[in-house]
Every structure is written in structure tokens, then in C-alpha cells.
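Worksheet for the structure shown next.
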Amino acid sequence: MRGKFITLEGMDGAGKSTHIPTITQILQVRGLEVLVTREPGGTELGERLRELLLHQPMHPETETLLMFAARREHIAQVIRPALMRGAWVISDRFTDASFAYQCGGRGVSYDKMRVLESWVQEDLQPDLTLLFDVSVEVSTQRLAAARDPDRFERENADFFSRIRAAYLARANENPHRFRIIDGSQPIKIIKQLLEEVISSI
Ligand code: TYD
């Protein structure tokens, strides 16, 4: 049986990376094979593109195309083969991040993004997308405490407000696969929520 595809989304500082081990553990206790991966990245080529994407200034559409080039490779080399052998795949970001950051944040056309989405993904969509939602203030505070910021993390509050709005709009358009989790809650509460959400799929 095909495995399930779970993606984690949210602004920088929303805390999604903190919750990946919890989700992995919930699934492993159920005896499932779990593969954790990330975007941009997840393959050797994808990780090289990630370095460029996080540090090299470029046109917003170049940024979009490189995100999707990395994604094409990720789907072919990692995601589809794992799902086919029955593994569950957890990806730290996927296409919803492109809608949020490149369309919402950078102003790239939604129509162009939809063309890339159907070209690169064909019929592949996440079975579940966990959107960790926090206010721009919380995100900014957490980022200030973090290490050296990358090209995205250095952006201003307006950029992050647009990203948050674009994520929430995308969740509204796809209510069947999105679960919005208030990322400002204590970690213990979020763990309980994750147990409930994951056991329902
Ligand atoms: P992130 O998950 O925040 O990595 P880390 O936790 O190591 O900082 O992802 C890196 C950045 O890439 C993040 O700022 C969002 C950006 N990004 C896009 O702009 N578009 C995309 O399609 C993806 C997948 C990521």
C-alpha cells in the first residue's frame, strides 16, 4: 500500500522543525517506515540548489524556478519511490511554501505558480499539511534569538505578514488536507494536538 505524504509549513520561526521528531515517533510507534526530508533540498542536487537559494541574490522568478527544479528532483528521487514502497514521507516544506514565499512574499504570479505545480507534481499532493501559524511578532522574536539569518530570514515584517496571509489563504482553498496549528502554544499542547491529527489519517 502507498505510504502517506505529510508536509510541514509555516513562517520562519513558527517552530515546525521542533515538531518533526514528535511526528516521526508517533508514526514509528505504529510500526511505519518514516522518511524525513526537506525543501529546498532532499537530494544531492537539491541541497546544492538550497545553498544558492538561501544565500545568492536573484530574480524572484529565478528563485521560483530553482525551487521547482529542486522539487522535481526531490519527487523523482526521494518522495515517489518512498511512497511507492509504503514509507510515510514527512517533508519540512513543499509547494505551499512557494505559494507563500514566492507569490505572497515576492509577488510572483499565482497563475505561473499553478502551472509549475501541475507540471512538476502531476497528481501528487500531500495527504496532510500541518501549518504552524504564529504572529509576525512571535516569528520575529524567535528569529532574533536564532543563528546567522539567511536571505529569507533577513526580510522585514511586511514580507512576513504577506507570507502568513498567503499560507492562510492556501489553507482556506484546501481545507481537506490542511490543519492549522497555533504554533505559539506550549510544546506539550502541540504534541497532544499532533497525536490527535496524525491518528485521524
Ligand atoms: P527553512 O525550513 O526555514 O530552513 P531552516 O529551518 O533551516 O531555516 O527553509 C529555508 C527557507 O526557504 C525558508 O525561509 C523558506 C524558503 N522557501 C521558499 O521561499 N520557497 C519554497 O518553495 C521553499 C520550499 C522554501
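Labels for the C-alpha cells follow display order: chains A, B, ..., residues from 1 in each chain, ligands from 1.
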
Return as CSV the residues of stretch 16-100 of chain A lying at most 10 Å from stretch 109-130 of chain A, together with the closest atom-to-atom pair for each and the distance in Å to one decimal, counting only C-alpha atoms, with rows in chain order and ascending residue number.
```
residue,atom,partner,partner_atom,distance
A:Lys16,CA,A:Leu130,CA,8.7
A:Glu61,CA,A:Ser109,CA,9.1
A:Thr64,CA,A:Met113,CA,8.2
A:Leu65,CA,A:Leu116,CA,8.3
A:Phe68,CA,A:Val120,CA,7.1
A:Ala69,CA,A:Val120,CA,8.4
A:Arg71,CA,A:Val120,CA,7.5
A:Arg72,CA,A:Val120,CA,5.6
A:Glu73,CA,A:Val120,CA,9.3
A:Ile75,CA,A:Gln121,CA,7.6
A:Ala76,CA,A:Val120,CA,9.7
A:Ile79,CA,A:Leu124,CA,9.7
A:Arg80,CA,A:Leu124,CA,8.6
A:Val89,CA,A:Pro126,CA,9.4
A:Ile90,CA,A:Pro126,CA,9.5
A:Ser91,CA,A:Pro126,CA,9.4
A:Asp92,CA,A:Leu130,CA,9.9
A:Arg93,CA,A:Thr129,CA,9.2
A:Phe94,CA,A:Pro126,CA,8.7
A:Thr95,CA,A:Glu117,CA,7.2
A:Asp96,CA,A:Thr129,CA,8.9
A:Ser98,CA,A:Met113,CA,7.9
A:Phe99,CA,A:Met113,CA,7.1
```

Name the residues of stretch 116-194 of chain A that fall into alpha helix (DSSP H) according to DSSP on the backbone, using the chain letters and numbers of this document, as a PyMOL selection string.
-> chain A and resi 116-121+136-144+157-173+187-194

Writing out the chosen residues with N, CA, C and O atoms as a compact mmCIF listing (two decimals), in the first residue's frame:
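Wrote it out as out_11.txt, contents follow:
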```
# COMPACT_ATOMS: atom_id res chain seq x y z
N LEU A 116 3.50 25.63 -12.73
CA LEU A 116 4.66 24.86 -12.23
C LEU A 116 4.20 23.72 -11.32
O LEU A 116 4.73 22.61 -11.39
N GLU A 117 3.22 24.01 -10.49
CA GLU A 117 2.72 22.98 -9.55
C GLU A 117 2.22 21.76 -10.32
O GLU A 117 2.59 20.63 -10.03
N SER A 118 1.38 21.99 -11.36
CA SER A 118 0.85 20.80 -12.03
C SER A 118 1.88 20.16 -12.94
O SER A 118 1.88 18.93 -13.11
N TRP A 119 2.81 20.94 -13.48
CA TRP A 119 3.89 20.37 -14.29
C TRP A 119 4.74 19.44 -13.43
O TRP A 119 4.96 18.27 -13.77
N VAL A 120 5.21 19.94 -12.31
CA VAL A 120 6.20 19.23 -11.51
C VAL A 120 5.57 18.12 -10.64
O VAL A 120 6.16 17.08 -10.42
N GLN A 121 4.36 18.34 -10.18
CA GLN A 121 3.76 17.36 -9.26
C GLN A 121 2.83 16.36 -9.93
O GLN A 121 2.52 15.33 -9.36
N VAL A 136 3.47 37.53 13.31
CA VAL A 136 4.76 38.04 12.82
C VAL A 136 5.65 38.41 14.01
O VAL A 136 6.87 38.19 13.97
N GLU A 137 5.05 38.91 15.08
CA GLU A 137 5.83 39.30 16.27
C GLU A 137 6.55 38.09 16.87
O GLU A 137 7.73 38.15 17.18
N VAL A 138 5.80 37.00 17.02
CA VAL A 138 6.42 35.78 17.60
C VAL A 138 7.54 35.29 16.69
O VAL A 138 8.64 34.96 17.15
N SER A 139 7.26 35.27 15.39
CA SER A 139 8.26 34.79 14.44
C SER A 139 9.53 35.66 14.53
O SER A 139 10.65 35.15 14.60
N THR A 140 9.34 36.97 14.57
CA THR A 140 10.49 37.89 14.61
C THR A 140 11.30 37.69 15.89
O THR A 140 12.53 37.66 15.85
N GLN A 141 10.59 37.55 17.01
CA GLN A 141 11.29 37.33 18.29
C GLN A 141 12.13 36.06 18.26
O GLN A 141 13.27 36.04 18.69
N ARG A 142 11.52 34.99 17.73
CA ARG A 142 12.25 33.72 17.70
C ARG A 142 13.45 33.79 16.77
O ARG A 142 14.50 33.23 17.05
N LEU A 143 13.26 34.49 15.64
CA LEU A 143 14.38 34.59 14.68
C LEU A 143 15.53 35.41 15.25
O LEU A 143 16.69 35.12 14.98
N ALA A 144 15.19 36.43 16.05
CA ALA A 144 16.23 37.28 16.63
C ALA A 144 17.15 36.47 17.53
O ALA A 144 18.34 36.76 17.66
N ALA A 157 9.10 42.85 8.39
CA ALA A 157 7.82 42.37 8.93
C ALA A 157 6.73 42.33 7.86
O ALA A 157 5.88 41.43 7.87
N ASP A 158 6.74 43.27 6.90
CA ASP A 158 5.72 43.27 5.83
C ASP A 158 5.79 41.99 5.00
O ASP A 158 4.77 41.41 4.65
N PHE A 159 7.02 41.61 4.69
CA PHE A 159 7.23 40.37 3.92
C PHE A 159 6.61 39.19 4.68
O PHE A 159 5.86 38.39 4.10
N PHE A 160 6.85 39.13 5.98
CA PHE A 160 6.32 38.00 6.76
C PHE A 160 4.81 38.07 6.94
O PHE A 160 4.15 37.04 6.97
N SER A 161 4.24 39.28 7.01
CA SER A 161 2.77 39.38 7.07
C SER A 161 2.16 38.84 5.79
O SER A 161 1.12 38.16 5.82
N ARG A 162 2.79 39.15 4.66
CA ARG A 162 2.24 38.66 3.38
C ARG A 162 2.37 37.14 3.29
O ARG A 162 1.48 36.46 2.77
N ILE A 163 3.45 36.61 3.83
CA ILE A 163 3.63 35.16 3.82
C ILE A 163 2.56 34.47 4.67
O ILE A 163 1.93 33.50 4.25
N ARG A 164 2.33 35.04 5.84
CA ARG A 164 1.32 34.45 6.72
C ARG A 164 -0.05 34.46 6.03
O ARG A 164 -0.77 33.45 6.03
N ALA A 165 -0.40 35.60 5.43
CA ALA A 165 -1.70 35.73 4.76
C ALA A 165 -1.81 34.73 3.61
O ALA A 165 -2.85 34.10 3.41
N ALA A 166 -0.72 34.57 2.85
CA ALA A 166 -0.75 33.66 1.70
C ALA A 166 -0.90 32.21 2.17
O ALA A 166 -1.63 31.42 1.55
N TYR A 167 -0.24 31.86 3.26
CA TYR A 167 -0.39 30.50 3.81
C TYR A 167 -1.84 30.26 4.24
O TYR A 167 -2.42 29.21 3.96
N LEU A 168 -2.43 31.25 4.94
CA LEU A 168 -3.79 31.06 5.44
C LEU A 168 -4.79 30.98 4.27
O LEU A 168 -5.74 30.19 4.32
N ALA A 169 -4.53 31.75 3.21
CA ALA A 169 -5.40 31.70 2.04
C ALA A 169 -5.31 30.31 1.39
O ALA A 169 -6.32 29.72 0.99
N ARG A 170 -4.11 29.81 1.29
CA ARG A 170 -3.89 28.48 0.69
C ARG A 170 -4.58 27.40 1.54
O ARG A 170 -5.16 26.45 1.01
N ALA A 171 -4.55 27.56 2.85
CA ALA A 171 -5.23 26.60 3.75
C ALA A 171 -6.73 26.67 3.53
O ALA A 171 -7.41 25.64 3.50
N ASN A 172 -7.26 27.87 3.33
CA ASN A 172 -8.69 28.04 3.07
C ASN A 172 -9.14 27.38 1.79
O ASN A 172 -10.24 26.86 1.70
N GLU A 173 -8.25 27.45 0.77
CA GLU A 173 -8.58 26.85 -0.53
C GLU A 173 -8.49 25.33 -0.51
O GLU A 173 -9.03 24.66 -1.37
N ILE A 187 4.84 23.54 23.84
CA ILE A 187 5.21 22.35 23.07
C ILE A 187 4.38 21.13 23.47
O ILE A 187 3.95 20.34 22.62
N LYS A 188 4.09 21.01 24.77
CA LYS A 188 3.33 19.85 25.27
C LYS A 188 1.93 19.79 24.66
O LYS A 188 1.43 18.73 24.29
N ILE A 189 1.29 20.95 24.57
CA ILE A 189 -0.06 21.02 23.99
C ILE A 189 0.00 20.67 22.50
O ILE A 189 -0.84 19.94 21.97
N ILE A 190 1.02 21.19 21.82
CA ILE A 190 1.14 20.91 20.38
C ILE A 190 1.34 19.40 20.16
O ILE A 190 0.78 18.82 19.24
N LYS A 191 2.12 18.77 21.04
CA LYS A 191 2.32 17.31 20.94
C LYS A 191 0.99 16.57 20.99
O LYS A 191 0.75 15.65 20.21
N GLN A 192 0.13 16.97 21.93
CA GLN A 192 -1.18 16.32 22.06
C GLN A 192 -2.00 16.50 20.80
O GLN A 192 -2.64 15.57 20.30
N LEU A 193 -1.98 17.74 20.27
CA LEU A 193 -2.73 18.02 19.04
C LEU A 193 -2.23 17.15 17.90
O LEU A 193 -3.01 16.61 17.12
N LEU A 194 -0.89 17.03 17.82
CA LEU A 194 -0.31 16.24 16.73
C LEU A 194 -0.73 14.77 16.84
O LEU A 194 -1.06 14.15 15.83
```

Could you list, as a ChimeraX atom specification, all the residues within 10 Å of ligand 1, counting only C-alpha atoms and all ligand atoms?
-> /A:8-18,38-41,50-51,53-54,60,63-68,70-71,91-106,143,146-155,163

Could you pull out all residues of stretch 34-173 of chain A with a DSSP call of strand (DSSP E) and give them as a list in words?
->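 Here is the list: Val34, Leu35, Val36, Thr37, Arg38, Trp88, Val89, Ile90, Ser91, Asp92, Leu128, Thr129, Leu130, Leu131, Phe132 and Asp133 of chain A.
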
Can you write out the residues you just picked, keeping all heavy atoms, as a tab-separated table (two decimals), in the first residue's frame?
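Written file, part_22.tsv:
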```tsv
chain	number	residue	atom	x	y	z
A	34	VAL	N	9.34	5.60	8.26
A	34	VAL	CA	9.20	7.05	8.11
A	34	VAL	C	10.44	7.63	7.46
A	34	VAL	O	11.56	7.32	7.86
A	34	VAL	CB	9.00	7.74	9.49
A	34	VAL	CG1	8.81	9.24	9.32
A	34	VAL	CG2	7.82	7.12	10.23
A	35	LEU	N	10.23	8.47	6.46
A	35	LEU	CA	11.35	9.15	5.83
A	35	LEU	C	11.18	10.66	6.02
A	35	LEU	O	10.15	11.21	5.66
A	35	LEU	CB	11.37	8.80	4.34
A	35	LEU	CG	12.58	9.30	3.57
A	35	LEU	CD1	13.02	8.25	2.58
A	35	LEU	CD2	12.30	10.60	2.84
A	36	VAL	N	12.17	11.28	6.65
A	36	VAL	CA	12.09	12.73	6.90
A	36	VAL	C	12.99	13.44	5.89
A	36	VAL	O	14.14	13.06	5.70
A	36	VAL	CB	12.54	13.08	8.33
A	36	VAL	CG1	12.52	14.58	8.55
A	36	VAL	CG2	11.65	12.38	9.36
A	37	THR	N	12.43	14.45	5.24
A	37	THR	CA	13.20	15.17	4.24
A	37	THR	C	12.84	16.65	4.28
A	37	THR	O	12.04	17.06	5.12
A	37	THR	CB	12.97	14.51	2.85
A	37	THR	OG1	13.82	15.12	1.90
A	37	THR	CG2	11.52	14.60	2.40
A	38	ARG	N	13.46	17.46	3.42
A	38	ARG	CA	13.17	18.89	3.49
A	38	ARG	C	13.29	19.55	2.12
A	38	ARG	O	13.92	19.02	1.21
A	38	ARG	CB	14.14	19.58	4.45
A	38	ARG	CG	15.58	19.60	3.93
A	38	ARG	CD	16.42	20.50	4.78
A	38	ARG	NE	17.81	20.54	4.34
A	38	ARG	CZ	18.76	21.23	4.96
A	38	ARG	NH1	18.47	21.91	6.05
A	38	ARG	NH2	20.00	21.24	4.50
A	88	TRP	N	6.10	6.33	4.88
A	88	TRP	CA	5.45	7.62	5.08
A	88	TRP	C	6.52	8.70	4.96
A	88	TRP	O	7.60	8.57	5.56
A	88	TRP	CB	4.77	7.68	6.45
A	88	TRP	CG	3.48	6.91	6.48
A	88	TRP	CD1	3.26	5.67	5.97
A	88	TRP	CD2	2.23	7.34	7.06
A	88	TRP	NE1	1.95	5.28	6.19
A	88	TRP	CE2	1.31	6.30	6.85
A	88	TRP	CE3	1.82	8.50	7.72
A	88	TRP	CZ2	-0.02	6.37	7.29
A	88	TRP	CZ3	0.50	8.57	8.16
A	88	TRP	CH2	-0.41	7.52	7.93
A	89	VAL	N	6.22	9.72	4.19
A	89	VAL	CA	7.21	10.78	3.95
A	89	VAL	C	6.78	12.05	4.67
A	89	VAL	O	5.64	12.50	4.53
A	89	VAL	CB	7.35	11.05	2.43
A	89	VAL	CG1	8.31	12.20	2.16
A	89	VAL	CG2	7.81	9.78	1.71
A	90	ILE	N	7.71	12.60	5.46
A	90	ILE	CA	7.46	13.88	6.13
A	90	ILE	C	8.41	14.89	5.52
A	90	ILE	O	9.63	14.76	5.62
A	90	ILE	CB	7.77	13.80	7.64
A	90	ILE	CG1	6.93	12.70	8.29
A	90	ILE	CG2	7.52	15.15	8.32
A	90	ILE	CD1	7.31	12.45	9.74
A	91	SER	N	7.86	15.90	4.87
A	91	SER	CA	8.74	16.91	4.28
A	91	SER	C	8.59	18.26	5.00
A	91	SER	O	7.49	18.78	5.16
A	91	SER	CB	8.45	17.08	2.78
A	91	SER	OG	9.41	17.95	2.21
A	92	ASP	N	9.74	18.77	5.45
A	92	ASP	CA	9.82	20.08	6.07
A	92	ASP	C	9.74	21.09	4.91
A	92	ASP	O	10.75	21.33	4.26
A	92	ASP	CB	11.16	20.16	6.82
A	92	ASP	CG	11.30	21.42	7.64
A	92	ASP	OD1	10.53	22.37	7.43
A	92	ASP	OD2	12.22	21.46	8.49
A	128	LEU	N	-1.61	15.29	4.03
A	128	LEU	CA	-1.86	16.14	5.19
A	128	LEU	C	-0.80	17.24	5.21
A	128	LEU	O	0.39	16.97	5.03
A	128	LEU	CB	-1.74	15.31	6.48
A	128	LEU	CG	-1.76	16.08	7.81
A	128	LEU	CD1	-3.11	16.71	8.07
A	128	LEU	CD2	-1.39	15.14	8.98
A	129	THR	N	-1.25	18.48	5.42
A	129	THR	CA	-0.31	19.60	5.56
A	129	THR	C	-0.56	20.27	6.90
A	129	THR	O	-1.68	20.73	7.17
A	129	THR	CB	-0.51	20.62	4.41
A	129	THR	OG1	-0.23	19.96	3.17
A	129	THR	CG2	0.43	21.82	4.56
A	130	LEU	N	0.47	20.27	7.74
A	130	LEU	CA	0.37	20.91	9.05
A	130	LEU	C	0.93	22.31	8.92
A	130	LEU	O	2.11	22.49	8.62
A	130	LEU	CB	1.16	20.12	10.09
A	130	LEU	CG	0.68	18.67	10.29
A	130	LEU	CD1	1.71	17.86	11.06
A	130	LEU	CD2	-0.66	18.66	11.04
A	131	LEU	N	0.06	23.30	9.10
A	131	LEU	CA	0.52	24.69	9.01
A	131	LEU	C	0.69	25.24	10.42
A	131	LEU	O	-0.29	25.41	11.15
A	131	LEU	CB	-0.50	25.53	8.22
A	131	LEU	CG	-0.26	27.04	8.19
A	131	LEU	CD1	1.10	27.39	7.59
A	131	LEU	CD2	-1.35	27.74	7.37
A	132	PHE	N	1.94	25.48	10.81
A	132	PHE	CA	2.23	26.06	12.12
A	132	PHE	C	2.12	27.57	11.98
A	132	PHE	O	2.92	28.20	11.29
A	132	PHE	CB	3.60	25.62	12.63
A	132	PHE	CG	3.62	24.15	12.94
A	132	PHE	CD1	3.99	23.23	11.97
A	132	PHE	CD2	3.21	23.68	14.17
A	132	PHE	CE1	3.96	21.86	12.24
A	132	PHE	CE2	3.17	22.32	14.45
A	132	PHE	CZ	3.55	21.41	13.47
A	133	ASP	N	1.09	28.10	12.61
A	133	ASP	CA	0.79	29.52	12.44
A	133	ASP	C	1.18	30.30	13.69
A	133	ASP	O	0.77	29.94	14.80
A	133	ASP	CB	-0.72	29.66	12.16
A	133	ASP	CG	-1.11	31.10	11.91
A	133	ASP	OD1	-0.44	31.75	11.07
A	133	ASP	OD2	-2.06	31.59	12.55
```

Looking at A:Ile198, A:Glu44, A:Val134, A:Met84, which one is nearest to A:Met1, with distances taken over only C-alpha atoms?
-> A:Met84

Using only C-alpha atoms, the residue out of A:Ala82, A:Gln77, A:His176, A:Lys4 with shortest distance to A:Leu27 is A:Lys4

Separation of atom CA of A:Leu49 and atom CA of A:Gly3, in Å?
-> 27.1 Å

Between atom CA of A:Gln25 and atom CA of A:Glu196, what is the spacing in Å?
->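 Separation of atom CA of A:Glu196 and atom CA of A:Gln25: 13.6 Å.
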
Coordinates-based distance that separates atom CA of A:Ile26 from atom CA of A:Arg85 (Å, one decimal) =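 According to the coordinates, atom CA of A:Arg85 and atom CA of A:Ile26 are separated by 19.7 Å.
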
Of the listed residues A:Arg48, A:Met58, A:Thr7, A:Gly86, that which approaches A:Leu32 most closely, counting only C-alpha atoms |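 Going through A:Arg48, A:Met58, A:Thr7, A:Gly86 one by one, the smallest distance to A:Leu32 is for A:Gly86.
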